[in-house]
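Participant: Have a look at this one.
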Amino acid sequence: MIPKTLTALGLKTAFGYIEKDPEKNLPKLMDWVDRLAGDGPDSFQTQRDAFRAVINDPDNNMHQLMMNIFRDVDRDVLKATFENFFLNANIIGWPRQEAMRAKYGCNIPWAILLDPTSACNLHCTGCWAAEYGNKLNLSLDEIDSIIRQGKELGVYMYIYTGGEPLVRKKDLITLCERHSDCQFLAFTNATLIDEAFAEELLRVKNFLPAISLEGFEAATDGRRGGGVYRKVVGAMELLKEKKLPFGISACYTSQNLDSISSEAFIDQLTQWGASFIWYFHYMPVGNDAALELLPSPAQREQMYRRVREIRSTKPIFAMDFQNDGEYVGGCIAGGRRYLHINANGDVDPCVFIHYSDSNIRENTLLECLRGPIFMAYHDGQPFDENHLRPCPMLENPEKLRKMVKDTGAHSTDLQSPESVDHLCDKCASYAACWRPEADRLWEASEAAKRAKKG
């Protein structure tokens, strides 16, 4: 581990570079990061090389994004993000996680997703949270305990889902104060972001909103209710005015895929000030899931190509939870890179796969990671050598079916429990149709990598 005194001294130097001319001094900052990271197997060499290439190319769109961030984000917030996300959660936290993986023989996550509440202030079509969710909450002390246990394992990245996390604004700010060395992110509908909350974000400095959008006004209000779009736009304008960073979360379906990946939508997001967009593939989870919303193979390939195009041309970082499996070695759930804890305390391997055999109120975090369902993930990953088929549910449903039955995991959907057979049967046709397209794309990607290596 890197001595804390050395880290603090280096941070002081690094922050001095950030506060001055970033265009000129970013290479010096990277020199410092390189010294801190070293050249071992856990040093993020590939990522650092890519980062340095962007820094040295002023015509690169990611270079433009970086300069926008340095220009438009509050200096103290930027410093906290640098320390908590880049250093604590990655450069410093990762070696600790690797040591814990070796020691306990199980997955140790890079990030923990958790639901402070399943309550919500909206009544979105197809979502039960507003009617049912106010019955389920993790207490402030329970969340605090999860974070403390996580930090013992080297985890400094915490992501709130729900429900609507900002229903618990006060507690979330308290957790930011208690754990100023952690980076927090919340998937939020943004309608509860107001002037007072923005000022709190400026004060604590370590909380980042990822705002859910369905597209433009008609699509957003059509699902979330009249007037929601204007409230969300107002929240983004407020965050930009306060120099607070934020990103966008968008679920793509067969019906909205074209609009939420369009040139007009991406350009509008950059004008609003968003620094990233995280795309999620629609998942047919739940007894009442609408299978017609599943993208066709052609549509999924369209998103595969479009997200890569956005990444190479626009000053916003686009990610695709499903189609970017090739960059992270397949499935990252089951604690391999993240896990999910719902508002009832059930510890799920994935935010989309609601089957568990343990509860954080009855087991420690480490006990959950060493439990049957998580060890089944650990022993089975990757679930497919083609990482464009990463998921044990969507693309390899027979794998999830077997894991759930072998471990005795139960459904954690308390409103309408779904059997694993019902869920996996819905995915079988999709998986079969996607397989040949995924194989074609995977082979083309592998061939391109081989050609690049010469």
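Residues are named by chain letter and number: chains run A, B, ... in the order of the structure tokens, numbers start at 1 in each chain, and ligands are numbered from 1 in the order shown.
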Could you tell me, as JSON, numbers by chain, which residues of range 226-399 of chain A DSSP assigns to helix (DSSP H, G or I) when given the backbone?
Facilitator: {"A": [228, 229, 230, 231, 232, 233, 234, 235, 236, 237, 238, 239, 240, 241, 257, 258, 259, 260, 263, 264, 265, 266, 267, 268, 269, 270, 271, 272, 291, 292, 293, 297, 298, 299, 300, 301, 302, 303, 304, 305, 306, 307, 308, 309, 310, 311, 312, 313, 325, 326, 327, 365, 366, 367, 368, 369, 372, 373, 374, 375, 376, 377, 378, 379, 380, 397, 398, 399]}
Participant: Output as a ChimeraX atom specification all residues of range 124-193 of chain A that backbone DSSP marks as strand (DSSP E).
Facilitator: /A:157-160,183-188
Participant: Env of Ala438 in chain A: 8 Å cut, atoms = only C-alpha atoms, seq-sep filter 6 positions within chain, self excluded. Answer as a PDB file with all heavy atoms, in the first residue's frame.
Facilitator:
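Final file, out_34.pdb:
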ATOM      1  N   ASN A 386     -17.214 -14.944 -25.714  1.00  0.00           N
ATOM      2  CA  ASN A 386     -17.557 -13.768 -26.506  1.00  0.00           C
ATOM      3  C   ASN A 386     -18.132 -12.736 -25.544  1.00  0.00           C
ATOM      4  O   ASN A 386     -19.255 -12.892 -25.049  1.00  0.00           O
ATOM      5  CB  ASN A 386     -18.568 -14.128 -27.586  1.00  0.00           C
ATOM      6  CG  ASN A 386     -18.968 -12.942 -28.454  1.00  0.00           C
ATOM      7  OD1 ASN A 386     -18.804 -11.786 -28.058  1.00  0.00           O
ATOM      8  ND2 ASN A 386     -19.499 -13.213 -29.628  1.00  0.00           N
ATOM      9  N   LEU A 388     -19.338  -9.945 -25.999  1.00  0.00           N
ATOM     10  CA  LEU A 388     -20.547  -9.264 -26.464  1.00  0.00           C
ATOM     11  C   LEU A 388     -21.786 -10.080 -26.116  1.00  0.00           C
ATOM     12  O   LEU A 388     -22.901  -9.703 -26.461  1.00  0.00           O
ATOM     13  CB  LEU A 388     -20.476  -9.007 -27.974  1.00  0.00           C
ATOM     14  CG  LEU A 388     -19.377  -8.046 -28.413  1.00  0.00           C
ATOM     15  CD1 LEU A 388     -19.349  -7.928 -29.938  1.00  0.00           C
ATOM     16  CD2 LEU A 388     -19.576  -6.668 -27.789  1.00  0.00           C
ATOM     17  N   ARG A 389     -21.578 -11.192 -25.426  1.00  0.00           N
ATOM     18  CA  ARG A 389     -22.661 -11.976 -24.823  1.00  0.00           C
ATOM     19  C   ARG A 389     -22.320 -12.154 -23.340  1.00  0.00           C
ATOM     20  O   ARG A 389     -22.143 -13.271 -22.866  1.00  0.00           O
ATOM     21  CB  ARG A 389     -22.803 -13.349 -25.498  1.00  0.00           C
ATOM     22  CG  ARG A 389     -23.190 -13.304 -26.956  1.00  0.00           C
ATOM     23  CD  ARG A 389     -23.747 -14.660 -27.433  1.00  0.00           C
ATOM     24  NE  ARG A 389     -22.810 -15.742 -27.213  1.00  0.00           N
ATOM     25  CZ  ARG A 389     -21.947 -16.195 -28.132  1.00  0.00           C
ATOM     26  NH1 ARG A 389     -21.905 -15.642 -29.330  1.00  0.00           N
ATOM     27  NH2 ARG A 389     -21.132 -17.191 -27.845  1.00  0.00           N
TER      28      ARG A 389
END
Participant: Quote the spacing between CA of Leu65 in chain A and CA of Ile316 in chain A in Å to one decimal place.
Facilitator: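 Interatomic distance, CA of Leu65 in chain A to CA of Ile316 in chain A: 6.1 Å.
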Participant: Find the residues of range 257-357 of chain A that sit at most 12 Å from range 370-380 of chain A; for each, write down the nearest two atoms and how far apart they are in Å, to one decimal. Count only C-alpha atoms. Sort by chain, then by number going up, and give it as a tab-separated table.
Facilitator:
residue	atom	partner	partner_atom	distance
A:Gly330	CA	A:Gly380	CA	11.1
A:Cys331	CA	A:Tyr377	CA	9.1
A:Ile332	CA	A:Tyr377	CA	9.5
A:Ala333	CA	A:Tyr377	CA	7.8
A:Gly334	CA	A:Phe374	CA	5.3
A:Gly335	CA	A:Phe374	CA	7.0
A:Arg336	CA	A:His378	CA	7.0
A:Arg337	CA	A:His378	CA	10.8
A:Tyr338	CA	A:Phe374	CA	11.1
A:Leu339	CA	A:Phe374	CA	9.3
A:His340	CA	A:Phe374	CA	11.4
A:Val347	CA	A:Phe374	CA	9.5
A:Asp348	CA	A:Phe374	CA	8.6
A:Pro349	CA	A:Phe374	CA	6.4
A:Cys350	CA	A:Phe374	CA	10.1
A:Ile353	CA	A:Ile373	CA	11.4
A:His354	CA	A:Ile373	CA	11.3
A:Tyr355	CA	A:Ile373	CA	8.3
A:Ser356	CA	A:Ile373	CA	6.7
A:Asp357	CA	A:Ile373	CA	6.7
Participant: Could you take the residues named above and write them with N, CA, C and O atoms, as a compact mmCIF listing (two decimals), in the first residue's frame?
Facilitator:
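Listed below is the output, part-v7.txt:
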# COMPACT_ATOMS: atom_id res chain seq x y z
N GLY A 330 -16.32 -9.22 -19.97
CA GLY A 330 -17.61 -9.87 -19.80
C GLY A 330 -18.39 -9.34 -18.61
O GLY A 330 -18.27 -8.17 -18.23
N CYS A 331 -19.17 -10.21 -17.99
CA CYS A 331 -20.05 -9.83 -16.88
C CYS A 331 -19.25 -9.27 -15.71
O CYS A 331 -18.26 -9.85 -15.28
N ILE A 332 -19.70 -8.12 -15.19
CA ILE A 332 -19.00 -7.50 -14.05
C ILE A 332 -19.80 -7.62 -12.76
O ILE A 332 -19.41 -7.07 -11.73
N ALA A 333 -20.93 -8.34 -12.80
CA ALA A 333 -21.80 -8.46 -11.63
C ALA A 333 -21.29 -9.56 -10.69
O ALA A 333 -20.19 -10.09 -10.85
N GLY A 334 -22.10 -9.88 -9.68
CA GLY A 334 -21.71 -10.91 -8.73
C GLY A 334 -20.52 -10.51 -7.88
O GLY A 334 -19.82 -11.35 -7.33
N GLY A 335 -20.27 -9.19 -7.78
CA GLY A 335 -19.15 -8.70 -7.01
C GLY A 335 -17.85 -8.66 -7.77
O GLY A 335 -16.83 -8.20 -7.24
N ARG A 336 -17.84 -9.12 -9.05
CA ARG A 336 -16.57 -9.06 -9.81
C ARG A 336 -16.12 -7.61 -9.95
O ARG A 336 -14.92 -7.32 -9.81
N ARG A 337 -17.05 -6.72 -10.26
CA ARG A 337 -16.76 -5.30 -10.25
C ARG A 337 -17.84 -4.53 -9.47
O ARG A 337 -17.61 -3.41 -9.05
N TYR A 338 -19.02 -5.14 -9.31
CA TYR A 338 -20.06 -4.48 -8.52
C TYR A 338 -21.06 -5.51 -8.02
O TYR A 338 -21.12 -6.65 -8.50
N LEU A 339 -21.87 -5.10 -7.05
CA LEU A 339 -23.02 -5.86 -6.57
C LEU A 339 -24.11 -4.86 -6.24
O LEU A 339 -23.91 -3.64 -6.30
N HIS A 340 -25.28 -5.38 -5.87
CA HIS A 340 -26.43 -4.51 -5.60
C HIS A 340 -27.10 -4.92 -4.29
O HIS A 340 -27.30 -6.11 -4.05
N VAL A 347 -28.92 -8.82 -0.82
CA VAL A 347 -27.70 -8.58 -1.59
C VAL A 347 -27.81 -9.36 -2.89
O VAL A 347 -27.68 -10.59 -2.91
N ASP A 348 -28.08 -8.64 -3.98
CA ASP A 348 -28.24 -9.24 -5.31
C ASP A 348 -26.91 -9.22 -6.05
O ASP A 348 -26.14 -8.26 -5.92
N PRO A 349 -26.64 -10.22 -6.90
CA PRO A 349 -25.42 -10.16 -7.70
C PRO A 349 -25.44 -9.05 -8.75
O PRO A 349 -24.39 -8.57 -9.16
N CYS A 350 -26.64 -8.61 -9.16
CA CYS A 350 -26.76 -7.63 -10.24
C CYS A 350 -27.98 -6.77 -10.00
O CYS A 350 -28.99 -7.24 -9.46
N ILE A 353 -30.73 -8.50 -11.85
CA ILE A 353 -31.02 -9.91 -11.57
C ILE A 353 -31.33 -10.06 -10.09
O ILE A 353 -30.44 -10.02 -9.24
N HIS A 354 -32.60 -10.22 -9.79
CA HIS A 354 -33.08 -10.11 -8.41
C HIS A 354 -33.25 -11.48 -7.76
O HIS A 354 -34.37 -11.91 -7.44
N TYR A 355 -32.12 -12.16 -7.54
CA TYR A 355 -32.11 -13.44 -6.83
C TYR A 355 -30.95 -13.41 -5.84
O TYR A 355 -29.83 -13.03 -6.19
N SER A 356 -31.24 -13.81 -4.61
CA SER A 356 -30.23 -13.70 -3.56
C SER A 356 -30.40 -14.82 -2.56
O SER A 356 -31.46 -15.43 -2.44
N ASP A 357 -29.31 -15.07 -1.81
CA ASP A 357 -29.38 -16.04 -0.71
C ASP A 357 -28.89 -15.41 0.60
O ASP A 357 -28.65 -16.11 1.57
Participant: Here is a test: counting only C-alpha atoms, which residue of A:Glu217, A:Tyr229, A:Phe246, A:Pro436 is nearest to Pro297 in chain A?
Facilitator: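 Closest to Pro297 in chain A, using only C-alpha atoms: A:Pro436.
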Participant: Under the rule of at most 7 Å, produce a per-residue listing of range 126-239 of chain A near range 101-113 of chain A: chain, number, name, the closest pair of atoms, and the distance in Å, as a Markdown table, using only C-alpha atoms.
Facilitator:
| residue | atom | partner | partner_atom | distance |
| --- | --- | --- | --- | --- |
| A:Val155 | CA | A:Trp110 | CA | 5.7 |
| A:Met157 | CA | A:Ala111 | CA | 4.8 |
| A:Tyr158 | CA | A:Ile112 | CA | 5.1 |
| A:Ile159 | CA | A:Leu113 | CA | 4.6 |
| A:Tyr160 | CA | A:Leu113 | CA | 5.7 |
| A:Thr161 | CA | A:Leu113 | CA | 6.7 |
Participant: With N, CA, C and O atoms retained, write the just-selected residues as a PDB file, in the first residue's frame.
Facilitator:
ATOM      1  N   VAL A 155     -13.004  -0.635  -1.168  1.00  0.00           N
ATOM      2  CA  VAL A 155     -14.056  -0.087  -2.037  1.00  0.00           C
ATOM      3  C   VAL A 155     -14.348   1.362  -1.628  1.00  0.00           C
ATOM      4  O   VAL A 155     -14.768   1.616  -0.492  1.00  0.00           O
ATOM      5  N   MET A 157     -16.085   3.492  -4.069  1.00  0.00           N
ATOM      6  CA  MET A 157     -17.073   3.971  -5.039  1.00  0.00           C
ATOM      7  C   MET A 157     -18.437   3.412  -4.655  1.00  0.00           C
ATOM      8  O   MET A 157     -18.621   2.189  -4.585  1.00  0.00           O
ATOM      9  N   TYR A 158     -19.426   4.317  -4.434  1.00  0.00           N
ATOM     10  CA  TYR A 158     -20.765   3.918  -4.002  1.00  0.00           C
ATOM     11  C   TYR A 158     -21.814   4.599  -4.874  1.00  0.00           C
ATOM     12  O   TYR A 158     -21.755   5.812  -5.093  1.00  0.00           O
ATOM     13  N   ILE A 159     -22.729   3.791  -5.385  1.00  0.00           N
ATOM     14  CA  ILE A 159     -23.699   4.257  -6.363  1.00  0.00           C
ATOM     15  C   ILE A 159     -25.099   3.988  -5.833  1.00  0.00           C
ATOM     16  O   ILE A 159     -25.441   2.846  -5.505  1.00  0.00           O
ATOM     17  N   TYR A 160     -25.909   5.042  -5.750  1.00  0.00           N
ATOM     18  CA  TYR A 160     -27.279   4.908  -5.246  1.00  0.00           C
ATOM     19  C   TYR A 160     -28.256   4.689  -6.391  1.00  0.00           C
ATOM     20  O   TYR A 160     -28.225   5.407  -7.402  1.00  0.00           O
ATOM     21  N   THR A 161     -29.114   3.697  -6.223  1.00  0.00           N
ATOM     22  CA  THR A 161     -30.209   3.448  -7.152  1.00  0.00           C
ATOM     23  C   THR A 161     -31.502   3.470  -6.341  1.00  0.00           C
ATOM     24  O   THR A 161     -31.516   3.864  -5.194  1.00  0.00           O
TER      25      THR A 161
END
